[in-house]
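Visitor: One file is attached below, entry-v5.txt, containing compact mmCIF, C-alpha atoms and all ligand atoms.
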```
# COMPACT_ATOMS: atom_id res chain seq x y z
CA MET A 1325 110.48 121.14 87.13
CA ILE A 1326 109.77 117.64 88.42
CA VAL A 1327 109.45 116.35 84.83
CA GLY A 1328 112.83 117.89 84.01
CA ARG A 1329 114.34 116.23 87.08
CA ILE A 1330 112.93 112.82 86.14
CA GLY A 1331 114.14 113.25 82.56
CA TYR A 1332 117.59 114.03 83.94
CA ARG A 1333 117.55 110.97 86.20
CA LEU A 1334 116.43 108.67 83.39
CA ARG A 1335 119.06 110.03 80.97
CA GLN A 1336 121.65 109.49 83.68
CA PHE A 1337 120.33 105.95 84.13
CA TRP A 1338 120.60 105.08 80.42
CA ARG A 1339 124.05 106.64 80.12
CA ALA A 1340 125.34 104.67 83.09
CA LEU A 1341 123.87 101.51 81.68
CA TYR A 1342 125.95 101.56 78.53
CA ALA A 1343 129.16 102.91 80.06
CA ARG A 1344 132.06 100.54 80.66
CA PRO A 1345 135.14 101.03 82.90
CA SER A 1346 138.43 101.44 81.01
CA GLY A 1347 141.62 99.48 81.70
CA GLY A 1348 143.19 102.57 83.35
CA ASP A 1349 140.20 102.91 85.65
CA LEU A 1350 140.48 99.31 86.74
CA GLU A 1351 144.17 99.83 87.51
CA THR A 1352 143.29 102.70 89.88
CA VAL A 1353 140.66 100.49 91.49
CA SER A 1354 143.15 97.70 92.10
CA SER A 1355 145.60 100.15 93.71
CA LEU A 1356 142.98 100.99 96.35
CA LEU A 1357 141.35 97.62 96.99
CA THR A 1358 142.72 94.28 98.17
CA PRO A 1359 142.01 91.22 96.01
CA ALA A 1360 139.03 90.28 98.23
CA GLN A 1361 137.62 93.81 97.91
CA MET A 1362 138.25 93.74 94.15
CA ALA A 1363 136.18 90.56 94.00
CA LEU A 1364 133.33 92.46 95.70
CA PHE A 1365 133.70 95.31 93.23
CA HIS A 1366 133.41 92.88 90.32
CA GLN A 1367 130.21 91.41 91.78
CA MET A 1368 128.46 94.61 90.79
CA HIS A 1369 126.73 95.10 87.45
CA ARG A 1370 129.14 96.71 84.97
CA SER A 1371 127.13 99.90 84.83
CA GLU A 1372 127.37 100.14 88.61
CA GLN A 1373 131.13 99.60 88.46
CA THR A 1374 131.31 102.53 86.06
CA HIS A 1375 129.08 104.69 88.26
CA SER A 1376 131.31 103.88 91.24
CA ILE A 1377 134.44 104.82 89.30
CA GLN A 1378 132.84 108.11 88.28
CA VAL A 1379 131.99 108.83 91.92
CA MET A 1380 135.57 107.93 92.89
CA ARG A 1381 136.97 110.36 90.30
CA ALA A 1382 134.66 113.14 91.51
CA VAL A 1383 135.50 112.68 95.21
CA SER A 1384 139.17 112.42 94.36
CA GLN A 1385 139.02 115.88 92.78
CA ALA A 1386 136.95 117.33 95.60
CA SER A 1387 139.14 116.02 98.45
CA GLN A 1388 142.52 117.53 97.55
CA GLY A 1389 143.22 119.04 101.01
CA ILE A 1390 142.34 115.91 103.00
CA PRO A 1391 145.14 113.80 104.55
CA ASP A 1392 146.15 110.74 102.57
CA GLU A 1393 144.72 107.88 104.70
CA PRO A 1394 141.16 109.22 105.20
CA ARG A 1395 141.19 110.31 101.57
CA ARG A 1396 141.98 106.78 100.45
CA ASP A 1397 139.10 105.56 102.62
CA LEU A 1398 136.81 108.05 100.89
CA LEU A 1399 137.90 106.67 97.51
CA ARG A 1400 137.38 103.09 98.71
CA ALA A 1401 133.90 104.02 99.94
CA ALA A 1402 133.15 105.61 96.57
CA LEU A 1403 134.14 102.39 94.81
CA LEU A 1404 132.10 100.11 97.05
CA HIS A 1405 129.19 102.33 98.18
CA ASP A 1406 126.63 100.44 96.07
CA VAL A 1407 128.08 96.95 96.46
CA GLY A 1408 125.08 95.91 98.61
CA LYS A 1409 122.99 96.03 95.43
CA SER A 1410 124.77 92.91 94.21
CA ARG A 1411 123.14 90.85 96.97
CA PHE A 1412 119.82 90.71 95.09
CA PRO A 1413 120.41 91.73 91.48
CA VAL A 1414 117.57 93.90 90.24
CA ARG A 1415 116.25 93.81 86.66
CA LEU A 1416 116.65 96.73 84.36
CA TRP A 1417 112.96 97.66 84.25
CA GLU A 1418 112.79 97.46 88.06
CA ARG A 1419 115.61 99.98 88.31
CA ALA A 1420 113.73 102.34 85.99
CA VAL A 1421 110.55 101.91 88.09
CA ILE A 1422 112.50 102.82 91.23
CA VAL A 1423 113.77 106.02 89.62
CA LEU A 1424 110.20 107.03 88.74
CA CYS A 1425 108.65 105.99 92.06
CA LYS A 1426 111.29 107.84 94.06
CA ALA A 1427 110.24 110.99 92.22
CA PHE A 1428 106.46 110.51 92.57
CA LEU A 1429 105.94 108.32 95.66
CA PRO A 1430 108.87 108.88 98.01
CA GLY A 1431 106.87 107.98 101.16
CA GLU A 1432 105.65 104.66 99.72
CA VAL A 1433 109.10 103.82 98.41
CA GLU A 1434 110.44 104.13 101.93
CA ARG A 1435 107.65 101.96 103.37
CA TRP A 1436 107.97 99.26 100.68
CA GLY A 1437 111.73 99.25 101.29
CA GLU A 1438 111.28 97.99 104.84
CA ALA A 1439 109.76 94.64 103.76
CA GLN A 1440 111.49 91.30 103.14
CA PRO A 1441 113.46 91.23 99.85
CA SER A 1442 110.98 89.05 97.95
CA GLY A 1443 108.08 89.49 95.54
CA TRP A 1444 107.33 92.84 93.89
CA ARG A 1445 108.85 94.77 96.80
CA ARG A 1446 112.29 93.23 96.30
CA ALA A 1447 113.73 96.07 94.20
CA PHE A 1448 112.45 98.64 96.69
CA VAL A 1449 114.07 96.74 99.55
CA VAL A 1450 117.37 96.65 97.66
CA ALA A 1451 117.12 100.41 97.00
CA GLN A 1452 116.62 101.09 100.69
CA GLN A 1453 118.76 98.46 102.38
CA HIS A 1454 121.81 98.30 100.11
CA PRO A 1455 123.86 100.77 102.20
CA ALA A 1456 123.58 98.53 105.31
CA TRP A 1457 124.20 95.32 103.31
CA GLY A 1458 127.15 96.91 101.48
CA ALA A 1459 128.72 98.11 104.73
CA GLN A 1460 128.52 94.60 106.15
CA MET A 1461 129.99 93.02 102.99
CA ALA A 1462 132.79 95.60 102.92
CA ALA A 1463 133.62 95.05 106.61
CA GLU A 1464 133.79 91.29 106.02
CA ALA A 1465 136.22 91.93 103.15
CA GLY A 1466 138.50 93.95 105.45
CA VAL A 1467 137.57 97.48 104.31
CA PRO A 1468 138.74 99.98 106.96
CA PRO A 1469 136.07 101.20 109.45
CA LEU A 1470 135.94 104.79 108.15
CA ALA A 1471 135.15 103.61 104.61
CA VAL A 1472 132.59 101.13 106.00
CA ALA A 1473 130.85 103.94 107.91
CA LEU A 1474 130.69 106.06 104.74
CA ILE A 1475 129.15 103.17 102.79
CA ARG A 1476 126.57 102.59 105.56
CA ARG A 1477 125.61 106.29 105.67
CA HIS A 1478 125.72 107.17 101.96
CA GLN A 1479 121.95 107.36 101.60
CA ASP A 1480 121.24 108.95 105.02
CA GLN A 1481 120.15 112.54 105.54
CA PRO A 1482 123.05 114.90 104.75
CA PRO A 1483 125.21 115.54 107.83
CA ASN A 1484 125.13 118.93 109.54
CA PRO A 1485 127.76 121.33 108.28
CA GLY A 1486 130.63 121.75 110.71
CA GLY A 1487 130.72 118.07 111.76
CA GLY A 1488 133.87 115.97 112.09
CA LEU A 1489 136.04 114.43 109.38
CA GLU A 1490 133.65 111.52 108.73
CA ASP A 1491 130.77 113.96 108.12
CA ARG A 1492 132.93 116.03 105.79
CA LEU A 1493 133.85 112.96 103.78
CA LEU A 1494 130.21 111.86 103.72
CA GLN A 1495 129.19 115.22 102.28
CA LEU A 1496 131.69 114.78 99.44
CA LEU A 1497 130.51 111.23 98.76
CA GLN A 1498 126.82 112.19 98.75
CA ALA A 1499 127.41 115.22 96.51
CA ALA A 1500 129.23 113.10 93.93
CA ASP A 1501 126.73 110.23 94.15
CA HIS A 1502 123.73 112.54 93.62
CA GLU A 1503 125.33 114.19 90.63
CA LEU A 1504 126.47 111.07 88.83
FE FE G 1 123.51 103.76 96.75
FE FE G 2 125.48 105.37 93.90
```
Before we go any further, please render this structure as structure tokens.
Ligand SMILES: [Fe+2]
Ligand SMILES: [Fe+2]
Guide:
Amino acid sequence: MIVGRIGYRLRQFWRALYARPSGGDLETVSSLLTPAQMALFHQMHRSEQTHSIQVMRAVSQASQGIPDEPRRDLLRAALLHDVGKSRFPVRLWERAVIVLCKAFLPGEVERWGEAQPSGWRRAFVVAQQHPAWGAQMAAEAGVPPLAVALIRRHQDQPPNPGGGLEDRLLQLLQAADHEL
């Protein structure tokens, strides 16, 4: 079971690595983000841009009944949820190590992630802190507060069912992010 799960995660990792966003995708992105926010989006590794676009497509499908403004914030959050990772770019092999360690050593991964982002712990710190960093970067680029909150919370424990609109949007974002 756990081996199957790791295999799935690694396949997902390799697929994302070679995927590239299409011109049409980038047009949708630019209709949701201001030029400053677009610049943030482009700071991400290409495979992360593609992952973010896939998450945006998935939440767009899953949020049909939601009013237009919060829905656009959900899409913005999907596009920028991992932008904090661009603060300290992580090497390919480090990303693969994180995938494996999260499966086998989740407690340690959390502890290592609380250190300073230097030395061998750097990739673990990025994995843990990127939601907070990304939320700050997005806020500085004028992303609306609802989208910023979703970015900050995207790796938190899932919200309780029956919460408010923000919790509902967070559930959609987390579901798409875990799948893709
Ligand atoms: Fe993330
Ligand atoms: Fe993600």
Visitor: Mind running chain A against ligand FE 1 (chain G) at 8 Å and telling me each contacting residue's nearest atom pair with the distance in Å (one decimal), counting only C-alpha atoms and all ligand atoms, chain and number ascending, as CSV?
Guide:
```
residue,atom,partner,partner_atom,distance
A:His1405,CA,G:FE1,FE,6.0
A:Asp1406,CA,G:FE1,FE,4.6
A:Lys1409,CA,G:FE1,FE,7.9
A:Ala1451,CA,G:FE1,FE,7.2
A:His1454,CA,G:FE1,FE,6.6
A:Pro1455,CA,G:FE1,FE,6.2
A:His1478,CA,G:FE1,FE,6.6
A:Gln1479,CA,G:FE1,FE,6.2
A:Asp1501,CA,G:FE1,FE,7.7
```
Visitor: Go ahead and compute the interatomic distance for CA of Leu1399 (chain A) and CA of Met1380 (chain A), in Å to one decimal.
Guide: 5.3 Å
Visitor: Check every protein, DNA and RNA residue against ligand FE 2 (chain G), keep those with an atom at most 12 Å away (counting only C-alpha atoms and all ligand atoms), and present them as a PyMOL selection string.
Guide: chain A and resi 1336-1337+1340+1368+1371-1380+1401-1409+1451-1452+1454-1455+1458+1475+1477-1479+1497-1504
Visitor: Find the residues near Glu1438 (chain A): any atom within 10 Å, counting only C-alpha atoms, skip ones fewer than 3 places away on the same chain, and give them as a PyMOL selection string.
Guide: chain A and resi 1433-1435+1441+1445-1446+1448-1450+1452-1453
Visitor: Residues within 8 Å of (137.6, 95.8, 96.6), file coordinates, counting all atoms listed in the file: what are they? Give the list as a list in words.
Guide: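 I get Val1353, Ser1354, Leu1356, Leu1357, Thr1358, Pro1359, Ala1360, Gln1361, Met1362, Ala1363, Leu1364, Phe1365, Arg1400, Leu1403, Leu1404, Ala1462, Ala1465 and Val1467 of chain A for the residues within 8 Å of that point.
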Visitor: Quick one: everything within 12 Å of Pro1469 (chain A), counting only C-alpha atoms, minus sequence neighbours fewer than 4 positions away in the same chain. Send it as a ChimeraX atom specification.
Guide: /A:1393-1394,1397-1398,1400-1401,1459-1460,1462-1465,1473-1476,1490
Visitor: Would you export the selected residues with C-alpha atoms as a compact mmCIF listing (two decimals), keeping the file's coordinate frame, please?
Guide:
```txt
# COMPACT_ATOMS: atom_id res chain seq x y z
CA GLU A 1393 144.72 107.88 104.70
CA PRO A 1394 141.16 109.22 105.20
CA ASP A 1397 139.10 105.56 102.62
CA LEU A 1398 136.81 108.05 100.89
CA ARG A 1400 137.38 103.09 98.71
CA ALA A 1401 133.90 104.02 99.94
CA ALA A 1459 128.72 98.11 104.73
CA GLN A 1460 128.52 94.60 106.15
CA ALA A 1462 132.79 95.60 102.92
CA ALA A 1463 133.62 95.05 106.61
CA GLU A 1464 133.79 91.29 106.02
CA ALA A 1465 136.22 91.93 103.15
CA ALA A 1473 130.85 103.94 107.91
CA LEU A 1474 130.69 106.06 104.74
CA ILE A 1475 129.15 103.17 102.79
CA ARG A 1476 126.57 102.59 105.56
CA GLU A 1490 133.65 111.52 108.73
```
Visitor: Separation of CA of Val1421 (chain A) and CA of Arg1344 (chain A), in Å?
Guide: 22.8 Å
Visitor: For the atom pair CA of Ser1384 (chain A) and CA of Lys1426 (chain A), what is the interatomic distance in Å to one decimal place?
Guide: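 Taking CA of Ser1384 (chain A) as the start and CA of Lys1426 (chain A) as the end point, the length is 28.3 Å.
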Visitor: So, with only C-alpha atoms as the atoms that count, which of A:Ala1386, A:Ala1420, A:Leu1350, A:Ile1330 lies closest to Gln1495 (chain A)?
Guide: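 Ranking A:Ala1386, A:Ala1420, A:Leu1350, A:Ile1330 by distance to Gln1495 (chain A), first place goes to A:Ala1386.
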Visitor: Will you model all heavy atoms for region 1362-1373 of chain A and pass it back as a PDB file, in the coordinates of the input?
Guide:
```pdb
ATOM      1  N   MET A1362     138.415  93.703  95.617  1.00  0.00           N
ATOM      2  CA  MET A1362     138.250  93.740  94.150  1.00  0.00           C
ATOM      3  C   MET A1362     137.168  92.758  93.710  1.00  0.00           C
ATOM      4  O   MET A1362     136.369  93.043  92.815  1.00  0.00           O
ATOM      5  CB  MET A1362     139.550  93.310  93.456  1.00  0.00           C
ATOM      6  CG  MET A1362     140.553  94.388  93.213  1.00  0.00           C
ATOM      7  SD  MET A1362     139.930  95.702  92.176  1.00  0.00           S
ATOM      8  CE  MET A1362     140.445  95.156  90.577  1.00  0.00           C
ATOM      9  N   ALA A1363     137.180  91.578  94.358  1.00  0.00           N
ATOM     10  CA  ALA A1363     136.180  90.560  94.000  1.00  0.00           C
ATOM     11  C   ALA A1363     134.780  91.107  94.276  1.00  0.00           C
ATOM     12  O   ALA A1363     133.853  90.891  93.486  1.00  0.00           O
ATOM     13  CB  ALA A1363     136.439  89.274  94.771  1.00  0.00           C
ATOM     14  N   LEU A1364     134.622  91.835  95.388  1.00  0.00           N
ATOM     15  CA  LEU A1364     133.330  92.460  95.700  1.00  0.00           C
ATOM     16  C   LEU A1364     132.954  93.459  94.615  1.00  0.00           C
ATOM     17  O   LEU A1364     131.825  93.494  94.137  1.00  0.00           O
ATOM     18  CB  LEU A1364     133.419  93.245  97.012  1.00  0.00           C
ATOM     19  CG  LEU A1364     133.119  92.575  98.324  1.00  0.00           C
ATOM     20  CD1 LEU A1364     133.016  93.640  99.423  1.00  0.00           C
ATOM     21  CD2 LEU A1364     131.824  91.785  98.253  1.00  0.00           C
ATOM     22  N   PHE A1365     133.940  94.296  94.255  1.00  0.00           N
ATOM     23  CA  PHE A1365     133.700  95.310  93.230  1.00  0.00           C
ATOM     24  C   PHE A1365     133.182  94.663  91.945  1.00  0.00           C
ATOM     25  O   PHE A1365     132.230  95.141  91.334  1.00  0.00           O
ATOM     26  CB  PHE A1365     135.001  96.084  92.975  1.00  0.00           C
ATOM     27  CG  PHE A1365     134.876  97.172  91.947  1.00  0.00           C
ATOM     28  CD1 PHE A1365     134.340  98.413  92.285  1.00  0.00           C
ATOM     29  CD2 PHE A1365     135.289  96.966  90.643  1.00  0.00           C
ATOM     30  CE1 PHE A1365     134.210  99.414  91.339  1.00  0.00           C
ATOM     31  CE2 PHE A1365     135.162  97.963  89.680  1.00  0.00           C
ATOM     32  CZ  PHE A1365     134.626  99.191  90.031  1.00  0.00           C
ATOM     33  N   HIS A1366     133.799  93.542  91.576  1.00  0.00           N
ATOM     34  CA  HIS A1366     133.410  92.880  90.320  1.00  0.00           C
ATOM     35  C   HIS A1366     132.071  92.160  90.415  1.00  0.00           C
ATOM     36  O   HIS A1366     131.519  91.754  89.395  1.00  0.00           O
ATOM     37  CB  HIS A1366     134.509  91.912  89.865  1.00  0.00           C
ATOM     38  CG  HIS A1366     135.690  92.642  89.290  1.00  0.00           C
ATOM     39  ND1 HIS A1366     135.613  93.408  88.151  1.00  0.00           N
ATOM     40  CD2 HIS A1366     136.964  92.762  89.722  1.00  0.00           C
ATOM     41  CE1 HIS A1366     136.786  93.953  87.894  1.00  0.00           C
ATOM     42  NE2 HIS A1366     137.625  93.578  88.833  1.00  0.00           N
ATOM     43  N   GLN A1367     131.556  92.002  91.636  1.00  0.00           N
ATOM     44  CA  GLN A1367     130.210  91.410  91.780  1.00  0.00           C
ATOM     45  C   GLN A1367     129.125  92.351  91.252  1.00  0.00           C
ATOM     46  O   GLN A1367     128.019  91.937  90.963  1.00  0.00           O
ATOM     47  CB  GLN A1367     129.902  91.154  93.252  1.00  0.00           C
ATOM     48  CG  GLN A1367     130.408  89.828  93.770  1.00  0.00           C
ATOM     49  CD  GLN A1367     130.065  89.669  95.254  1.00  0.00           C
ATOM     50  OE1 GLN A1367     129.094  90.221  95.750  1.00  0.00           O
ATOM     51  NE2 GLN A1367     130.874  88.913  95.955  1.00  0.00           N
ATOM     52  N   MET A1368     129.470  93.640  91.213  1.00  0.00           N
ATOM     53  CA  MET A1368     128.460  94.610  90.790  1.00  0.00           C
ATOM     54  C   MET A1368     128.231  94.542  89.282  1.00  0.00           C
ATOM     55  O   MET A1368     129.132  94.189  88.525  1.00  0.00           O
ATOM     56  CB  MET A1368     128.903  96.038  91.146  1.00  0.00           C
ATOM     57  CG  MET A1368     128.831  96.356  92.610  1.00  0.00           C
ATOM     58  SD  MET A1368     129.094  98.124  92.929  1.00  0.00           S
ATOM     59  CE  MET A1368     130.843  98.289  92.621  1.00  0.00           C
ATOM     60  N   HIS A1369     127.036  94.933  88.868  1.00  0.00           N
ATOM     61  CA  HIS A1369     126.730  95.100  87.450  1.00  0.00           C
ATOM     62  C   HIS A1369     127.751  96.077  86.858  1.00  0.00           C
ATOM     63  O   HIS A1369     128.189  97.000  87.530  1.00  0.00           O
ATOM     64  CB  HIS A1369     125.312  95.684  87.341  1.00  0.00           C
ATOM     65  CG  HIS A1369     124.774  95.695  85.954  1.00  0.00           C
ATOM     66  ND1 HIS A1369     125.134  96.650  85.031  1.00  0.00           N
ATOM     67  CD2 HIS A1369     123.892  94.880  85.338  1.00  0.00           C
ATOM     68  CE1 HIS A1369     124.501  96.411  83.897  1.00  0.00           C
ATOM     69  NE2 HIS A1369     123.747  95.338  84.054  1.00  0.00           N
ATOM     70  N   ARG A1370     128.107  95.862  85.583  1.00  0.00           N
ATOM     71  CA  ARG A1370     129.140  96.710  84.970  1.00  0.00           C
ATOM     72  C   ARG A1370     128.782  98.196  85.010  1.00  0.00           C
ATOM     73  O   ARG A1370     129.646  99.049  85.196  1.00  0.00           O
ATOM     74  CB  ARG A1370     129.381  96.300  83.527  1.00  0.00           C
ATOM     75  CG  ARG A1370     130.371  95.189  83.465  1.00  0.00           C
ATOM     76  CD  ARG A1370     130.727  94.870  82.054  1.00  0.00           C
ATOM     77  NE  ARG A1370     131.533  93.669  82.046  1.00  0.00           N
ATOM     78  CZ  ARG A1370     132.799  93.644  81.659  1.00  0.00           C
ATOM     79  NH1 ARG A1370     133.396  94.736  81.258  1.00  0.00           N
ATOM     80  NH2 ARG A1370     133.462  92.528  81.673  1.00  0.00           N
ATOM     81  N   SER A1371     127.523  98.488  84.812  1.00  0.00           N
ATOM     82  CA  SER A1371     127.130  99.900  84.830  1.00  0.00           C
ATOM     83  C   SER A1371     127.312 100.488  86.230  1.00  0.00           C
ATOM     84  O   SER A1371     127.629 101.666  86.385  1.00  0.00           O
ATOM     85  CB  SER A1371     125.687 100.066  84.371  1.00  0.00           C
ATOM     86  OG  SER A1371     124.811  99.462  85.287  1.00  0.00           O
ATOM     87  N   GLU A1372     127.153  99.645  87.252  1.00  0.00           N
ATOM     88  CA  GLU A1372     127.370 100.140  88.610  1.00  0.00           C
ATOM     89  C   GLU A1372     128.859 100.295  88.909  1.00  0.00           C
ATOM     90  O   GLU A1372     129.258 101.189  89.653  1.00  0.00           O
ATOM     91  CB  GLU A1372     126.699  99.218  89.633  1.00  0.00           C
ATOM     92  CG  GLU A1372     125.421  99.825  90.156  1.00  0.00           C
ATOM     93  CD  GLU A1372     124.310  98.819  90.295  1.00  0.00           C
ATOM     94  OE1 GLU A1372     124.598  97.625  90.495  1.00  0.00           O
ATOM     95  OE2 GLU A1372     123.145  99.232  90.179  1.00  0.00           O
ATOM     96  N   GLN A1373     129.670  99.428  88.323  1.00  0.00           N
ATOM     97  CA  GLN A1373     131.130  99.600  88.460  1.00  0.00           C
ATOM     98  C   GLN A1373     131.529 100.955  87.865  1.00  0.00           C
ATOM     99  O   GLN A1373     132.321 101.691  88.447  1.00  0.00           O
ATOM    100  CB  GLN A1373     131.885  98.484  87.734  1.00  0.00           C
ATOM    101  CG  GLN A1373     131.690  97.105  88.347  1.00  0.00           C
ATOM    102  CD  GLN A1373     132.463  96.032  87.590  1.00  0.00           C
ATOM    103  OE1 GLN A1373     133.497  96.282  86.984  1.00  0.00           O
ATOM    104  NE2 GLN A1373     131.959  94.808  87.606  1.00  0.00           N
TER     105      GLN A1373
END
```
